file query19.tsv (TSV, N, CA and C atoms)
chain	number	residue	atom	x	y	z
F	7	MET	N	83.88	66.08	-151.02
F	7	MET	CA	83.94	64.94	-150.13
F	7	MET	C	85.01	63.94	-150.57
F	8	ALA	N	84.91	62.71	-150.10
F	8	ALA	CA	85.95	61.72	-150.32
F	8	ALA	C	85.69	60.85	-151.55
F	9	VAL	N	86.77	60.26	-152.06
F	9	VAL	CA	86.69	59.25	-153.10
F	9	VAL	C	86.89	57.90	-152.41
F	10	ILE	N	85.90	57.02	-152.58
F	10	ILE	CA	85.90	55.74	-151.87
F	10	ILE	C	85.75	54.60	-152.87
F	11	VAL	N	86.63	53.60	-152.76
F	11	VAL	CA	86.54	52.39	-153.55
F	11	VAL	C	85.83	51.34	-152.70
F	12	VAL	N	84.78	50.75	-153.24
F	12	VAL	CA	84.08	49.66	-152.57
F	12	VAL	C	84.46	48.38	-153.28
F	13	ALA	N	85.22	47.53	-152.60
F	13	ALA	CA	85.70	46.29	-153.18
F	13	ALA	C	84.93	45.12	-152.57
F	14	ASP	N	84.02	44.57	-153.35
F	14	ASP	CA	83.21	43.44	-152.90
F	14	ASP	C	82.73	42.69	-154.13
F	15	ASP	N	82.78	41.36	-154.08
F	15	ASP	CA	82.34	40.57	-155.23
F	15	ASP	C	80.82	40.41	-155.28
F	16	ASP	N	80.11	40.88	-154.27
F	16	ASP	CA	78.65	40.81	-154.24
F	16	ASP	C	78.08	42.13	-154.75
F	17	PRO	N	77.42	42.12	-155.92
F	17	PRO	CA	76.89	43.37	-156.48
F	17	PRO	C	75.86	44.04	-155.58
F	18	THR	N	75.15	43.26	-154.78
F	18	THR	CA	74.17	43.85	-153.86
F	18	THR	C	74.87	44.66	-152.78
F	19	VAL	N	75.95	44.13	-152.23
F	19	VAL	CA	76.72	44.87	-151.22
F	19	VAL	C	77.32	46.12	-151.85
F	20	GLN	N	77.85	45.99	-153.07
F	20	GLN	CA	78.39	47.16	-153.77
F	20	GLN	C	77.32	48.25	-153.90
F	21	MET	N	76.13	47.86	-154.31
F	21	MET	CA	75.04	48.82	-154.52
F	21	MET	C	74.62	49.49	-153.20
F	22	ILE	N	74.45	48.68	-152.15
F	22	ILE	CA	74.05	49.24	-150.86
F	22	ILE	C	75.11	50.20	-150.34
F	23	ALA	N	76.37	49.78	-150.37
F	23	ALA	CA	77.46	50.63	-149.89
F	23	ALA	C	77.53	51.92	-150.71
F	24	ALA	N	77.41	51.80	-152.02
F	24	ALA	CA	77.47	52.99	-152.88
F	24	ALA	C	76.35	53.96	-152.56
F	25	GLU	N	75.14	53.45	-152.38
F	25	GLU	CA	74.01	54.33	-152.05
F	25	GLU	C	74.23	55.04	-150.73
F	26	LEU	N	74.67	54.30	-149.72
F	26	LEU	CA	74.91	54.90	-148.40
F	26	LEU	C	76.01	55.96	-148.47
F	27	LEU	N	77.06	55.68	-149.21
F	27	LEU	CA	78.20	56.60	-149.30
F	27	LEU	C	77.87	57.82	-150.17
F	28	ARG	N	77.17	57.61	-151.26
F	28	ARG	CA	76.79	58.74	-152.11
F	28	ARG	C	75.83	59.67	-151.38
F	29	ALA	N	74.98	59.11	-150.52
F	29	ALA	CA	74.06	59.93	-149.72
F	29	ALA	C	74.84	60.86	-148.79
F	30	GLY	N	76.06	60.45	-148.43
F	30	GLY	CA	76.94	61.28	-147.61
F	30	GLY	C	77.78	62.24	-148.43
F	31	GLY	N	77.55	62.28	-149.75
F	31	GLY	CA	78.26	63.21	-150.61
F	31	GLY	C	79.57	62.69	-151.18
F	32	HIS	N	79.85	61.41	-151.01
F	32	HIS	CA	81.12	60.85	-151.48
F	32	HIS	C	81.02	60.33	-152.91
F	33	THR	N	82.16	60.29	-153.58
F	33	THR	CA	82.28	59.66	-154.89
F	33	THR	C	82.64	58.20	-154.66
F	34	VAL	N	81.93	57.30	-155.32
F	34	VAL	CA	82.14	55.87	-155.10
F	34	VAL	C	82.51	55.19	-156.40
F	35	VAL	N	83.54	54.34	-156.34
F	35	VAL	CA	83.96	53.52	-157.47
F	35	VAL	C	83.94	52.08	-156.98
F	36	ALA	N	83.34	51.19	-157.75
F	36	ALA	CA	83.20	49.79	-157.35
F	36	ALA	C	84.29	48.92	-157.98
F	37	ALA	N	84.71	47.90	-157.22
F	37	ALA	CA	85.64	46.88	-157.70
F	37	ALA	C	85.11	45.53	-157.25
F	38	SER	N	85.30	44.50	-158.07
F	38	SER	CA	84.73	43.20	-157.74
F	38	SER	C	85.73	42.23	-157.11
F	39	ASP	N	87.00	42.61	-157.06
F	39	ASP	CA	88.02	41.77	-156.41
F	39	ASP	C	89.25	42.61	-156.11
F	40	GLY	N	90.23	41.98	-155.49
F	40	GLY	CA	91.44	42.69	-155.11
F	40	GLY	C	92.27	43.16	-156.28
F	41	GLU	N	92.31	42.37	-157.34
F	41	GLU	CA	93.08	42.79	-158.52
F	41	GLU	C	92.52	44.07	-159.12
F	42	GLU	N	91.21	44.13	-159.26
F	42	GLU	CA	90.58	45.33	-159.79
F	42	GLU	C	90.79	46.52	-158.86
F	43	THR	N	90.75	46.28	-157.56
F	43	THR	CA	90.99	47.34	-156.58
F	43	THR	C	92.38	47.94	-156.76
F	44	LEU	N	93.38	47.09	-156.87
F	44	LEU	CA	94.75	47.58	-157.03
F	44	LEU	C	94.94	48.31	-158.35
F	45	ARG	N	94.28	47.85	-159.42
F	45	ARG	CA	94.35	48.58	-160.70
F	45	ARG	C	93.75	49.98	-160.54
F	46	LEU	N	92.61	50.07	-159.86
F	46	LEU	CA	91.98	51.38	-159.64
F	46	LEU	C	92.89	52.29	-158.82
F	47	LEU	N	93.46	51.76	-157.75
F	47	LEU	CA	94.32	52.59	-156.90
F	47	LEU	C	95.57	53.08	-157.63
F	48	ALA	N	96.00	52.33	-158.64
F	48	ALA	CA	97.16	52.74	-159.44
F	48	ALA	C	96.83	53.90	-160.37
F	49	THR	N	95.55	54.10	-160.67
F	49	THR	CA	95.16	55.12	-161.64
F	49	THR	C	94.41	56.30	-161.04
F	50	MET	N	94.05	56.24	-159.77
F	50	MET	CA	93.28	57.32	-159.15
F	50	MET	C	93.68	57.47	-157.69
F	51	LYS	N	93.40	58.65	-157.16
F	51	LYS	CA	93.65	58.88	-155.74
F	51	LYS	C	92.37	58.59	-154.97
F	52	ALA	N	92.44	57.62	-154.08
F	52	ALA	CA	91.29	57.29	-153.24
F	52	ALA	C	91.62	57.66	-151.80
F	53	ASP	N	90.59	58.05	-151.06
F	53	ASP	CA	90.76	58.37	-149.65
F	53	ASP	C	90.53	57.15	-148.76
F	54	LEU	N	89.68	56.24	-149.23
F	54	LEU	CA	89.28	55.09	-148.43
F	54	LEU	C	88.94	53.93	-149.35
F	55	VAL	N	89.28	52.72	-148.89
F	55	VAL	CA	88.84	51.50	-149.56
F	55	VAL	C	88.01	50.71	-148.55
F	56	VAL	N	86.78	50.39	-148.94
F	56	VAL	CA	85.94	49.49	-148.16
F	56	VAL	C	86.18	48.11	-148.78
F	57	MET	N	86.86	47.23	-148.02
F	57	MET	CA	87.41	46.00	-148.58
F	57	MET	C	86.76	44.76	-147.98
F	58	ASP	N	86.05	44.01	-148.83
F	58	ASP	CA	85.56	42.71	-148.40
F	58	ASP	C	86.76	41.78	-148.25
F	59	ILE	N	86.67	40.84	-147.34
F	59	ILE	CA	87.80	39.93	-147.13
F	59	ILE	C	87.73	38.72	-148.05
F	60	LEU	N	86.54	38.15	-148.24
F	60	LEU	CA	86.41	36.96	-149.08
F	60	LEU	C	85.97	37.35	-150.48
F	61	MET	N	86.95	37.38	-151.42
F	61	MET	CA	86.70	37.72	-152.82
F	61	MET	C	87.51	36.79	-153.70
F	62	PRO	N	87.08	36.60	-154.95
F	62	PRO	CA	87.84	35.76	-155.88
F	62	PRO	C	89.10	36.48	-156.39
F	63	ASN	N	89.95	35.74	-157.05
F	63	ASN	CA	91.17	36.24	-157.71
F	63	ASN	C	92.22	36.73	-156.74
F	64	LYS	N	91.93	37.75	-155.97
F	64	LYS	CA	92.85	38.24	-154.93
F	64	LYS	C	91.97	38.64	-153.77
F	65	ASP	N	92.13	37.94	-152.64
F	65	ASP	CA	91.24	38.21	-151.52
F	65	ASP	C	91.60	39.52	-150.80
F	66	GLY	N	90.79	39.87	-149.83
F	66	GLY	CA	90.96	41.13	-149.13
F	66	GLY	C	92.26	41.22	-148.33
F	67	ILE	N	92.68	40.13	-147.71
F	67	ILE	CA	93.92	40.15	-146.93
F	67	ILE	C	95.11	40.45	-147.83
F	68	GLU	N	95.21	39.72	-148.94
F	68	GLU	CA	96.30	39.98	-149.90
F	68	GLU	C	96.26	41.43	-150.39
F	69	THR	N	95.07	41.91	-150.66
F	69	THR	CA	94.91	43.26	-151.19
F	69	THR	C	95.25	44.31	-150.14
F	70	ILE	N	94.91	44.06	-148.89
F	70	ILE	CA	95.29	44.98	-147.81
F	70	ILE	C	96.81	45.08	-147.72
F	71	ILE	N	97.48	43.94	-147.76
F	71	ILE	CA	98.95	43.93	-147.68
F	71	ILE	C	99.55	44.74	-148.82
F	72	GLU	N	99.09	44.51	-150.05
F	72	GLU	CA	99.63	45.25	-151.19
F	72	GLU	C	99.27	46.73	-151.14
F	73	THR	N	98.06	47.04	-150.70
F	73	THR	CA	97.65	48.44	-150.59
F	73	THR	C	98.51	49.17	-149.57
F	74	ARG	N	98.79	48.54	-148.45
F	74	ARG	CA	99.64	49.16	-147.43
F	74	ARG	C	101.04	49.46	-147.99
F	75	THR	N	101.55	48.58	-148.84
F	75	THR	CA	102.87	48.76	-149.42
F	75	THR	C	102.86	49.85	-150.50
F	76	LEU	N	101.88	49.80	-151.40
F	76	LEU	CA	101.86	50.70	-152.55
F	76	LEU	C	101.17	52.04	-152.30
F	77	HIS	N	100.21	52.06	-151.38
F	77	HIS	CA	99.40	53.27	-151.12
F	77	HIS	C	99.18	53.42	-149.62
F	78	PRO	N	100.24	53.66	-148.85
F	78	PRO	CA	100.12	53.68	-147.39
F	78	PRO	C	99.19	54.77	-146.84
F	79	GLU	N	98.92	55.77	-147.65
F	79	GLU	CA	98.06	56.88	-147.19
F	79	GLU	C	96.57	56.56	-147.25
F	80	VAL	N	96.19	55.52	-147.97
F	80	VAL	CA	94.78	55.16	-148.13
F	80	VAL	C	94.26	54.49	-146.87
F	81	ARG	N	93.12	54.94	-146.39
F	81	ARG	CA	92.46	54.30	-145.25
F	81	ARG	C	91.77	53.03	-145.74
F	82	ILE	N	91.72	52.01	-144.89
F	82	ILE	CA	91.09	50.75	-145.25
F	82	ILE	C	90.08	50.35	-144.18
F	83	LEU	N	88.84	50.12	-144.62
F	83	LEU	CA	87.79	49.57	-143.78
F	83	LEU	C	87.53	48.16	-144.28
F	84	ALA	N	87.93	47.15	-143.50
F	84	ALA	CA	87.71	45.75	-143.88
F	84	ALA	C	86.32	45.34	-143.44
F	85	ILE	N	85.59	44.66	-144.35
F	85	ILE	CA	84.25	44.19	-144.04
F	85	ILE	C	84.15	42.70	-144.34
F	86	SER	N	83.31	42.00	-143.58
F	86	SER	CA	83.10	40.58	-143.84
F	86	SER	C	81.87	40.10	-143.09
F	87	SER	N	81.25	39.08	-143.65
F	87	SER	CA	80.17	38.40	-142.94
F	87	SER	C	80.66	37.02	-142.50
F	88	GLY	N	81.92	36.74	-142.76
F	88	GLY	CA	82.49	35.46	-142.38
F	88	GLY	C	82.45	34.48	-143.52
F	89	GLY	N	82.46	33.27	-143.21
F	89	GLY	CA	82.49	32.17	-144.16
F	89	GLY	C	82.67	30.93	-143.31
F	90	ARG	N	83.51	30.03	-143.77
F	90	ARG	CA	83.80	28.87	-142.92
F	90	ARG	C	84.51	29.31	-141.65
F	91	VAL	N	85.28	30.37	-141.77
F	91	VAL	CA	85.92	30.98	-140.61
F	91	VAL	C	85.00	32.12	-140.19
F	92	GLY	N	84.83	32.38	-138.94
F	92	GLY	CA	83.94	33.44	-138.50
F	92	GLY	C	84.42	34.81	-138.93
F	93	ALA	N	83.47	35.75	-139.03
F	93	ALA	CA	83.79	37.12	-139.42
F	93	ALA	C	84.81	37.75	-138.46
F	94	GLY	N	84.66	37.49	-137.18
F	94	GLY	CA	85.58	38.06	-136.20
F	94	GLY	C	87.02	37.66	-136.45
F	95	ASP	N	87.24	36.37	-136.74
F	95	ASP	CA	88.60	35.90	-137.01
F	95	ASP	C	89.17	36.54	-138.27
F	96	LEU	N	88.36	36.60	-139.33
F	96	LEU	CA	88.82	37.22	-140.58
F	96	LEU	C	89.15	38.70	-140.37
F	97	LEU	N	88.31	39.39	-139.64
F	97	LEU	CA	88.52	40.83	-139.44
F	97	LEU	C	89.69	41.11	-138.50
F	98	ARG	N	89.94	40.24	-137.53
F	98	ARG	CA	91.14	40.40	-136.69
F	98	ARG	C	92.39	40.24	-137.55
F	99	MET	N	92.36	39.28	-138.47
F	99	MET	CA	93.48	39.08	-139.38
F	99	MET	C	93.67	40.32	-140.26
F	100	ALA	N	92.56	40.88	-140.76
F	100	ALA	CA	92.64	42.09	-141.58
F	100	ALA	C	93.29	43.23	-140.80
F	101	SER	N	92.95	43.36	-139.52
F	101	SER	CA	93.55	44.39	-138.68
F	101	SER	C	95.05	44.18	-138.54
F	102	LEU	N	95.45	42.93	-138.33
F	102	LEU	CA	96.88	42.63	-138.18
F	102	LEU	C	97.67	43.00	-139.43
F	103	PHE	N	97.04	42.87	-140.60
F	103	PHE	CA	97.73	43.14	-141.85
F	103	PHE	C	97.55	44.57	-142.35
F	104	GLY	N	96.87	45.43	-141.57
F	104	GLY	CA	96.87	46.83	-141.93
F	104	GLY	C	95.53	47.52	-142.11
F	105	ALA	N	94.40	46.84	-141.93
F	105	ALA	CA	93.12	47.53	-142.01
F	105	ALA	C	93.03	48.54	-140.86
F	106	ASP	N	92.54	49.72	-141.16
F	106	ASP	CA	92.41	50.76	-140.14
F	106	ASP	C	91.25	50.49	-139.20
F	107	GLU	N	90.21	49.87	-139.73
F	107	GLU	CA	89.05	49.53	-138.93
F	107	GLU	C	88.33	48.37	-139.61
F	108	THR	N	87.46	47.71	-138.85
F	108	THR	CA	86.72	46.57	-139.38
F	108	THR	C	85.22	46.74	-139.11
F	109	TYR	N	84.43	46.01	-139.91
F	109	TYR	CA	82.98	46.12	-139.80
F	109	TYR	C	82.36	44.79	-140.23
F	110	VAL	N	81.48	44.26	-139.38
F	110	VAL	CA	80.80	43.00	-139.70
F	110	VAL	C	79.56	43.29	-140.53
F	111	LYS	N	79.45	42.61	-141.70
F	111	LYS	CA	78.26	42.74	-142.54
F	111	LYS	C	77.10	42.05	-141.85
F	112	PRO	N	75.87	42.47	-142.12
F	112	PRO	CA	75.41	43.38	-143.17
F	112	PRO	C	75.67	44.84	-142.80
F	113	LEU	N	75.71	45.67	-143.86
F	113	LEU	CA	75.92	47.10	-143.67
F	113	LEU	C	74.64	47.72	-143.14
F	114	LYS	N	74.78	48.45	-142.04
F	114	LYS	CA	73.64	49.14	-141.43
F	114	LYS	C	73.86	50.64	-141.58
F	115	LEU	N	72.85	51.34	-142.03
F	115	LEU	CA	72.95	52.75	-142.39
F	115	LEU	C	73.72	53.58	-141.37
F	116	ASP	N	73.24	53.68	-140.16
F	116	ASP	CA	73.85	54.58	-139.18
F	116	ASP	C	75.26	54.18	-138.79
F	117	SER	N	75.46	52.91	-138.45
F	117	SER	CA	76.79	52.51	-137.98
F	117	SER	C	77.82	52.47	-139.10
F	118	PHE	N	77.41	52.07	-140.30
F	118	PHE	CA	78.35	52.05	-141.43
F	118	PHE	C	78.76	53.48	-141.78
F	119	ALA	N	77.81	54.38	-141.89
F	119	ALA	CA	78.11	55.78	-142.21
F	119	ALA	C	79.00	56.40	-141.14
F	120	ALA	N	78.73	56.13	-139.88
F	120	ALA	CA	79.53	56.69	-138.79
F	120	ALA	C	80.96	56.16	-138.83
F	121	THR	N	81.11	54.88	-139.14
F	121	THR	CA	82.44	54.29	-139.24
F	121	THR	C	83.24	54.94	-140.37
F	122	VAL	N	82.62	55.10	-141.52
F	122	VAL	CA	83.27	55.73	-142.66
F	122	VAL	C	83.66	57.17	-142.32
F	123	GLU	N	82.77	57.93	-141.75
F	123	GLU	CA	83.07	59.33	-141.42
F	123	GLU	C	84.19	59.44	-140.40
F	124	ARG	N	84.22	58.54	-139.43
F	124	ARG	CA	85.30	58.54	-138.42
F	124	ARG	C	86.65	58.28	-139.10
F	125	LEU	N	86.68	57.31	-140.01
F	125	LEU	CA	87.93	57.02	-140.72
F	125	LEU	C	88.39	58.20	-141.57
F	126	LEU	N	87.46	58.83	-142.24
F	126	LEU	CA	87.82	59.95	-143.11
F	126	LEU	C	88.25	61.18	-142.31
F	127	ALA	N	87.76	61.31	-141.10
F	127	ALA	CA	88.11	62.46	-140.26
F	127	ALA	C	89.52	62.35	-139.68
F	128	ALA	N	90.08	61.15	-139.69
F	128	ALA	CA	91.40	60.92	-139.12
F	128	ALA	C	92.32	60.40	-140.22
F	129	PRO	N	92.87	61.30	-141.05
F	129	PRO	CA	93.70	60.86	-142.18
F	129	PRO	C	94.85	59.97	-141.74
F	130	ARG	N	95.11	58.99	-142.55
F	130	ARG	CA	96.18	58.03	-142.26
F	130	ARG	C	97.53	58.65	-142.59
F	131	ALA	N	98.44	58.54	-141.66
F	131	ALA	CA	99.82	58.96	-141.92
F	131	ALA	C	100.61	57.73	-142.34
F	132	ALA	N	101.49	57.88	-143.30
F	132	ALA	CA	102.31	56.75	-143.73
F	132	ALA	C	103.03	56.17	-142.53
F	133	GLY	N	102.98	54.85	-142.41
F	133	GLY	CA	103.65	54.19	-141.29
F	133	GLY	C	102.73	53.92	-140.11
F	134	ASP	N	101.48	54.38	-140.16
F	134	ASP	CA	100.54	54.05	-139.07
F	134	ASP	C	100.45	52.55	-138.94
F	135	ALA	N	100.23	52.10	-137.73
F	135	ALA	CA	100.05	50.67	-137.50
F	135	ALA	C	98.60	50.34	-137.36
F	136	GLY	N	98.27	49.10	-137.63
F	136	GLY	CA	97.01	48.45	-137.32
F	136	GLY	C	95.71	49.19	-137.26
F	137	ALA	N	94.76	48.57	-136.61
F	137	ALA	CA	93.38	49.01	-136.65
F	137	ALA	C	92.79	49.17	-135.28
F	138	SER	N	91.57	49.63	-135.26
F	138	SER	CA	90.90	49.88	-134.00
F	138	SER	C	90.00	48.75	-133.56
F	139	GLY	N	89.86	47.71	-134.35
F	139	GLY	CA	89.10	46.54	-133.89
F	139	GLY	C	87.76	46.36	-134.55
F	140	ALA	N	87.16	45.20	-134.31
F	140	ALA	CA	85.89	44.83	-134.94
F	140	ALA	C	84.73	45.57	-134.34
F	141	LYS	N	83.74	45.82	-135.18
F	141	LYS	CA	82.51	46.48	-134.76
F	141	LYS	C	81.43	45.45	-134.63

call {"tool": "encode", "arguments": {"input": "query19.tsv", "output": "structure tokens"}}
result
Amino acid sequence: MAVIVVADDDPTVQMIAAELLRAGGHTVVAASDGEETLRLLATMKADLVVMDILMPNKDGIETIIETRTLHPEVRILAISSGGRVGAGDLLRMASLFGADETYVKPLKLDSFAATVERLLAAPRAAGDAGASGAK
């Protein structure tokens, strides 16, 4: 199956995402911010990054931009529950900067798993544009 990096500063979200993804047979590696995500991507081949938008040190938008430049073949699923700015606005921004798809937290078993499987079934070609929109 796939190698998936879950980048979220919330350990509970990391744990839930990892359990859901491992149940689908995937290998999961956790990162707590964008800097750690980029370090992991530099040392391993990942098929997908599940990227929270609001994280310390390097947020999801910055990390999406750098991932698109350094690892254009990696699929990106941007996730957020919002903040002072609504989740929809943050996820639209993530799409503009290169997320392949977006998902509003909380993670729900069926829809989250289906979103991940859809992304993995359609490998990203270098140079692909944008995303398919918020869920």

call {"tool": "residues_around", "arguments": {"input": "query19.tsv", "residues": "range 104-115 of chain F", "least_positions_apart": "2", "cutoff": "10 Å", "atoms": "only C-alpha atoms", "output": "ChimeraX atom specification"}}
result
/F:19,22-23,25-27,54-58,66-67,70-75,78,80-88,93-94,96-102,117-122,124-125,130,134-141

call {"tool": "atom_distance", "arguments": {"input": "query19.tsv", "atom1": "atom C of Glu79 in chain F", "atom2": "atom N of Val11 in chain F"}}
result
11.7 Å

call {"tool": "select_by_dssp", "arguments": {"input": "query19.tsv", "residues": "chain F", "states": "alpha helix (DSSP H)", "output": "MDAnalysis selection string"}}
result
chainID F and resid 17:29 40:49 66:76 93:102 115:127

call {"tool": "atom_distance", "arguments": {"input": "query19.tsv", "atom1": "CA of Met7 in chain F", "atom2": "atom N of Val34 in chain F"}}
result
9.5 Å

call {"tool": "axis_aligned_box", "arguments": {"input": "query19.tsv", "around": "range 48-66 of chain F", "padding_each_side": "3 Å", "output": "AutoDock Vina command-line options"}}
result
--center_x 91.4 --center_y 47.3 --center_z -154.4 --size_x 17.6 --size_y 29.1 --size_z 20.5

call {"tool": "atom_distance", "arguments": {"input": "query19.tsv", "atom1": "atom C of Ala48 in chain F", "atom2": "atom C of Ala36 in chain F"}}
result
13.7 Å

call {"tool": "closest_residue", "arguments": {"input": "query19.tsv", "among": "F:Val35, F:Leu60, F:Met50, F:Ala29", "to": "Asp16 in chain F", "atoms": "only C-alpha atoms"}}
result
F:Leu60

call {"tool": "select_by_dssp", "arguments": {"input": "query19.tsv", "residues": "chain F", "states": "strand (DSSP E or B)", "output": "PyMOL selection string"}}
result
chain F and resi 9-13+33-37+54-58+81-86+107-110

call {"tool": "closest_residue", "arguments": {"input": "query19.tsv", "among": "F:Leu44, F:Ala128, F:Ala8, F:Ala52", "to": "Gly30 in chain F", "atoms": "only N, CA and C atoms"}}
result
F:Ala8

call {"tool": "closest_residue", "arguments": {"input": "query19.tsv", "among": "F:Ile59, F:Asp53, F:Gln20, F:Thr69", "to": "Gly40 in chain F", "atoms": "only N, CA and C atoms"}}
result
F:Thr69
